[in-house]
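K.L.:
So that we are looking at the same thing, I have put the structure below in structure tokens.
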Amino acid sequence: MTRPHIEPFVDREVDFKKMTLPGFPIGMHYKMLSLNPESGACTMTVQYEAGYNQTPTVCYSDVELMIMEGGLKVGDQLCGPGYYFFVPKGVSLPAISSEKGALCLLMYNDSEPHLIESDQDLEGAAQEDFIKVQSYEDMPWQVPTLFPQTASGCLLKVLRFDPKTHAMTFLYSMTPGFQQDNISYHDCAEEAYHIWGTSWMMQFGDLPTGGYFWRPPYINHGAFYSENGILGFGRTDGQLHNYFHWNPYSTPEENADRAAAQLTRQKPELHKWIIATDHNHIHFNDFEYPEDGYDHAHVDGQGKVRNHKHK
Ligand SMILES: [Fe+2]
């Protein structure tokens, strides 16, 4: 179960709530941006009050934190806007305090929000995966090397890349006047928050500062435009492959079919292997090349794949 599609959502239009879950000190307020109702995994905008104090803690969930305004003292270090943390499950986070308050994004990736007082790592914690970076000052903007490429004027800073799943956490910027006139979708869920600025999208209109979405796979998005540019924070839960096209009416099912058709064309042996070992029946209709018809495969009694087409 993933999270439901939430788009567009603007956190400036809702009030903060007091965080009252066990383990959290007073002085933390949140706006829920998205939530997995089964696991409790979530993304929140969080306001820490001036004077907030949190002892060293561990979590049974990977946690990500992005400081947007104000500052937090984490251990001995004062961390202002731009600081990003990835805290793997079981890794102890030093004491946190805030003299003047802080506005952050806080993400629990595996479970509902919780804090357990501990200055020791749990057994097996992947300390080597811990990330702390001043993303505004210590990382250069990159032109994305993803292929197919986004239009000129969309820049990236990759904060975290999971080599196993290719899931990413990143900052992105649309430069003033950025425009991209085609339509995108991906095989992964995509999440974004506007730290600053407004961009327009054909399907969902203007997304201003504080704007947010959690978008499941295969949902059309774009064309895009941004008059003054934006600074955004984004994440995916898998490889961000840009499927571009020009059909604003295609459904997520049709988009997934087209992605499967591309897999068959580009990696035919892998496609055969998947259907021969895991399923005995698959078909799809690629709206981009409808003349190809339905590619339809069966696995016979000897385990051989028998392809035929339906027009
Ligand atoms: Fe996208």
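Following the order of the structure tokens, first chain is A, next is B, and so on, with residues numbered from 1 inside each chain and ligands from 1 in the order they appear.
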Give as a ChimeraX atom specification the residues surrounding ligand 1 up to a distance of 10 Å, considering only C-alpha atoms and all ligand atoms.
P.N.:
/A:150,183-192,215,217-222,234,236,240-244
K.L.:
Smallest atom-to-atom distance to His5 (chain A): which of A:Cys79, A:Val87, A:Tyr212, A:Ser226, using only C-alpha atoms?
P.N.:
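Once distances to His5 (chain A) are computed over only C-alpha atoms, the minimum belongs to A:Tyr212.
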K.L.:
Could you please determine the separation between CA of Tyr60 (chain A) and CA of Ile116 (chain A) in Å, to one decimal place?
P.N.:
8.8 Å
K.L.:
May I have a table of the residues of region 44-157 of chain A lying at most 10 Å from region 172-180 of chain A, giving each one's closest pair of atoms and their distance in Å to one decimal, counting only C-alpha atoms, ordered by chain and ascending residue number, as CSV?
P.N.:
residue,atom,partner,partner_atom,distance
A:Trp141,CA,A:Tyr172,CA,8.4
A:Gln142,CA,A:Tyr172,CA,9.3
A:Pro144,CA,A:Tyr172,CA,9.7
A:Thr150,CA,A:Gln180,CA,7.4
A:Ala151,CA,A:Gln180,CA,5.5
A:Ser152,CA,A:Phe178,CA,7.4
A:Gly153,CA,A:Thr175,CA,5.2
A:Cys154,CA,A:Met174,CA,4.7
A:Leu155,CA,A:Ser173,CA,5.1
A:Leu156,CA,A:Tyr172,CA,4.5
A:Lys157,CA,A:Tyr172,CA,6.3
K.L.:
If I take CA of Phe233 (chain A) and CA of Ala95 (chain A), how far is one from the other in Å, to one decimal?
P.N.:
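A separation of 25.0 Å between them.
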